[in-house]
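K.L.:
Shown below is the structure under consideration.
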Amino acid sequence: MKGIYEEILKKRAQGKKMLAVLLDPDKSDDSKIERIGRLFDSKGNGWPDIVLVGGSLVVGDTGKTVEKIKGEFNAPVVLFPGSCSQITDKADGILLLSLISGRNADYLIGQHVNSAIPIKRSNLEVIPTGYILIDGGNVTSVQYVSGTMPIPRSKNDIAVATAVAGEMLGLKMLYLEAGSGAEHPVPTSMIKSVREMVDIPIIVGGGIRSRQAMADAFNAGADMVVVGTAIEDNPDVISEFAI
Ligand code: 1GP
């Protein structure tokens, strides 16, 4: 399956907002994946728009999880890797994340060099994505594992400058991330400020647990919202996130 990015651009041009569900291979066993897949399928094809697979620290077999997900979902399965050990050619695509809010060379280019050749040899659709970590009120796994400092919640100007730099570098999407299980999602005023200055699609995730929080992110300018923990903890909330 190719054309994931094109599809995102197409939906955006049509004014459609998108939902991604994030499944962490260590937190989603087969029965949970089946249950989540069933609950999404009950809403028909094309929802969620994308299934992201990954986590800051994953010890399980990402390839096996991806295979299971592909059997249960109609949506493209896109890697959201915390490190190069999570890369598998069983997925459809990969968000090639550069952690541009941080100053840790390993997450800006190091992991990319380590995985470049296997990715090049695979059929994965590569979507270069600027990953911008925002303080979500608590220390999250991504902050700890990446050893980077998130952008303070009140510093919209820093988030905007970071996003604009990422766009100028040729990145295709921006991911504003409060971190999995964040106490507070990315502030809407920050999403709005970034939206005003960049043209590429904006993904927002971390700490989004309700329909209202999702709607707030969309209204501020997010094109795609990512929900992980809320659905993994209680798949019954899925219907709440119907767009
Ligand atoms: C984390 O943005 C994602 O990388 C999703 O976060 O688990 O808090 O929904 P949650």
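Here, A, B, ... name the chains of the structure tokens in the order displayed, residue numbers run from 1 inside each chain, and ligands are numbered from 1 in the same displayed order.
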Could you pull out the residues in stretch 8-212 of chain A that DSSP calls alpha helix (DSSP H) from the backbone, as an MDAnalysis selection string?
P.N.:
chainID A and resid 8:13 30:41 62:72 105 111:121 141:146 156:168 188:197 211:212
K.L.:
Can you work out which residues are within 6 Å of ligand 1, considering only C-alpha atoms and all ligand atoms, and then hand them over as a PyMOL selection string?
P.N.:
chain A and resi 177+179-182+205-208+226-230
K.L.:
Per residue of stretch 73-135 of chain A within 7 Å of stretch 156-169 of chain A, record the nearest atom pair and its distance in Å to one decimal, counting only C-alpha atoms, with rows in chain order and ascending residue number, as CSV.
P.N.:
residue,atom,partner,partner_atom,distance
A:Ile100,CA,A:Thr162,CA,6.9
A:Ser101,CA,A:Thr162,CA,6.5
A:Gly130,CA,A:Gly166,CA,5.9
K.L.:
The selected residues should be written to file as a short mmCIF file (atom, residue, chain, number, x, y, z; two decimals), in the first residue's frame (atoms: N, CA and C atoms).
P.N.:
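Output below, filename part.cif:
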data_model
loop_
_atom_site.label_atom_id
_atom_site.label_comp_id
_atom_site.auth_asym_id
_atom_site.auth_seq_id
_atom_site.Cartn_x
_atom_site.Cartn_y
_atom_site.Cartn_z
N ILE A 100 13.02 17.37 16.26
CA ILE A 100 13.62 18.69 16.03
C ILE A 100 13.47 19.67 17.20
N SER A 101 12.66 19.30 18.21
CA SER A 101 12.61 20.16 19.39
C SER A 101 13.79 19.87 20.31
N GLY A 130 8.70 16.04 11.18
CA GLY A 130 9.34 16.77 12.28
C GLY A 130 8.59 16.51 13.56
#
K.L.:
May I have the residues within 9 Å of A:Lys68 as a ChimeraX atom specification, using only C-alpha atoms and disregarding those fewer than 3 positions away in the same chain?
P.N.:
/A:30,33-34,63-65,71-73
K.L.:
Go ahead and compute the interatomic distance for atom CA of A:Ile8 and atom CA of A:Ala75, in Å to one decimal.
P.N.:
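If I compute the distance from atom CA of A:Ile8 to atom CA of A:Ala75, I get 12.2 Å.
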K.L.:
Considering only C-alpha atoms, state which residue in the set A:Ala20, A:Val126, A:Ala116, A:Ala217 is at the smallest distance from A:Ile231.
P.N.:
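Nearest candidate to A:Ile231 out of A:Ala20, A:Val126, A:Ala116, A:Ala217: A:Ala20.
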K.L.:
Would you pick out the contacts of A:Leu176 at 8 Å or less, using only C-alpha atoms, so that residues sharing its chain but fewer than 4 positions from it are not included, and give the list as an MDAnalysis selection string?
P.N.:
chainID A and resid 131:134 186 191 202:205
K.L.:
Could you name the residues that touch A:Arg12 at 8 Å or less, counting only C-alpha atoms, but leaving out those on the same chain fewer than 5 positions away, as a list in words?
P.N.:
Lys17, Pro201 and Asp223 of chain A
K.L.:
I need the residues of stretch 49-163 of chain A that end up classed as strand (DSSP E or B) by DSSP on the backbone, written out as a short mmCIF file (atom, residue, chain, number, x, y, z; two decimals) with N, CA and C atoms, in the first residue's frame.
P.N.:
data_model
loop_
_atom_site.label_atom_id
_atom_site.label_comp_id
_atom_site.auth_asym_id
_atom_site.auth_seq_id
_atom_site.Cartn_x
_atom_site.Cartn_y
_atom_site.Cartn_z
N ILE A 50 -5.53 5.99 9.93
CA ILE A 50 -4.20 5.36 9.98
C ILE A 50 -4.05 4.63 11.32
N VAL A 51 -3.32 3.52 11.32
CA VAL A 51 -2.92 2.91 12.59
C VAL A 51 -1.41 3.13 12.73
N LEU A 52 -1.03 3.81 13.79
CA LEU A 52 0.39 3.99 14.07
C LEU A 52 0.84 2.89 15.02
N VAL A 53 2.05 2.40 14.83
CA VAL A 53 2.58 1.35 15.70
C VAL A 53 3.95 1.75 16.21
N VAL A 77 -1.06 0.77 7.91
CA VAL A 77 -0.32 0.62 9.16
C VAL A 77 1.03 1.32 9.00
N VAL A 78 1.25 2.30 9.85
CA VAL A 78 2.43 3.17 9.70
C VAL A 78 3.27 3.10 10.97
N LEU A 79 4.57 2.83 10.78
CA LEU A 79 5.47 2.74 11.93
C LEU A 79 5.69 4.14 12.52
N GLY A 93 4.01 1.93 5.86
CA GLY A 93 4.78 3.17 5.80
C GLY A 93 5.48 3.42 7.12
N ILE A 94 6.24 4.51 7.13
CA ILE A 94 6.97 4.87 8.35
C ILE A 94 7.02 6.39 8.48
N LEU A 95 6.69 6.88 9.68
CA LEU A 95 6.96 8.29 9.96
C LEU A 95 8.44 8.33 10.32
N LEU A 96 9.24 8.87 9.42
CA LEU A 96 10.68 8.98 9.70
C LEU A 96 10.85 10.25 10.53
N LEU A 97 10.86 10.03 11.85
CA LEU A 97 10.79 11.14 12.79
C LEU A 97 12.15 11.76 13.04
N SER A 98 12.21 13.06 12.96
CA SER A 98 13.40 13.76 13.41
C SER A 98 12.94 14.62 14.59
N LEU A 99 13.56 14.40 15.75
CA LEU A 99 13.10 15.06 16.98
C LEU A 99 13.69 16.48 17.02
N GLU A 125 6.60 3.15 2.68
CA GLU A 125 6.51 4.54 2.23
C GLU A 125 7.08 5.43 3.34
N VAL A 126 8.08 6.21 2.99
CA VAL A 126 8.76 7.04 3.99
C VAL A 126 8.12 8.43 4.03
N ILE A 127 7.68 8.83 5.22
CA ILE A 127 7.10 10.16 5.38
C ILE A 127 7.97 10.93 6.39
N PRO A 128 8.86 11.80 5.90
CA PRO A 128 9.75 12.54 6.81
C PRO A 128 8.92 13.50 7.67
N THR A 129 9.05 13.35 8.97
CA THR A 129 8.16 14.07 9.90
C THR A 129 8.96 14.76 11.00
N GLY A 130 8.70 16.04 11.18
CA GLY A 130 9.34 16.77 12.28
C GLY A 130 8.59 16.51 13.56
N TYR A 131 9.31 15.98 14.53
CA TYR A 131 8.69 15.57 15.79
C TYR A 131 9.02 16.62 16.84
N ILE A 132 7.98 17.26 17.37
CA ILE A 132 8.18 18.40 18.27
C ILE A 132 7.55 18.07 19.61
N LEU A 133 8.40 17.93 20.61
CA LEU A 133 7.93 17.52 21.94
C LEU A 133 7.61 18.76 22.77
N ILE A 134 6.38 18.76 23.31
CA ILE A 134 5.89 19.89 24.11
C ILE A 134 5.65 19.39 25.53
N ILE A 151 9.61 21.55 24.71
CA ILE A 151 9.37 23.00 24.63
C ILE A 151 8.35 23.36 25.72
#
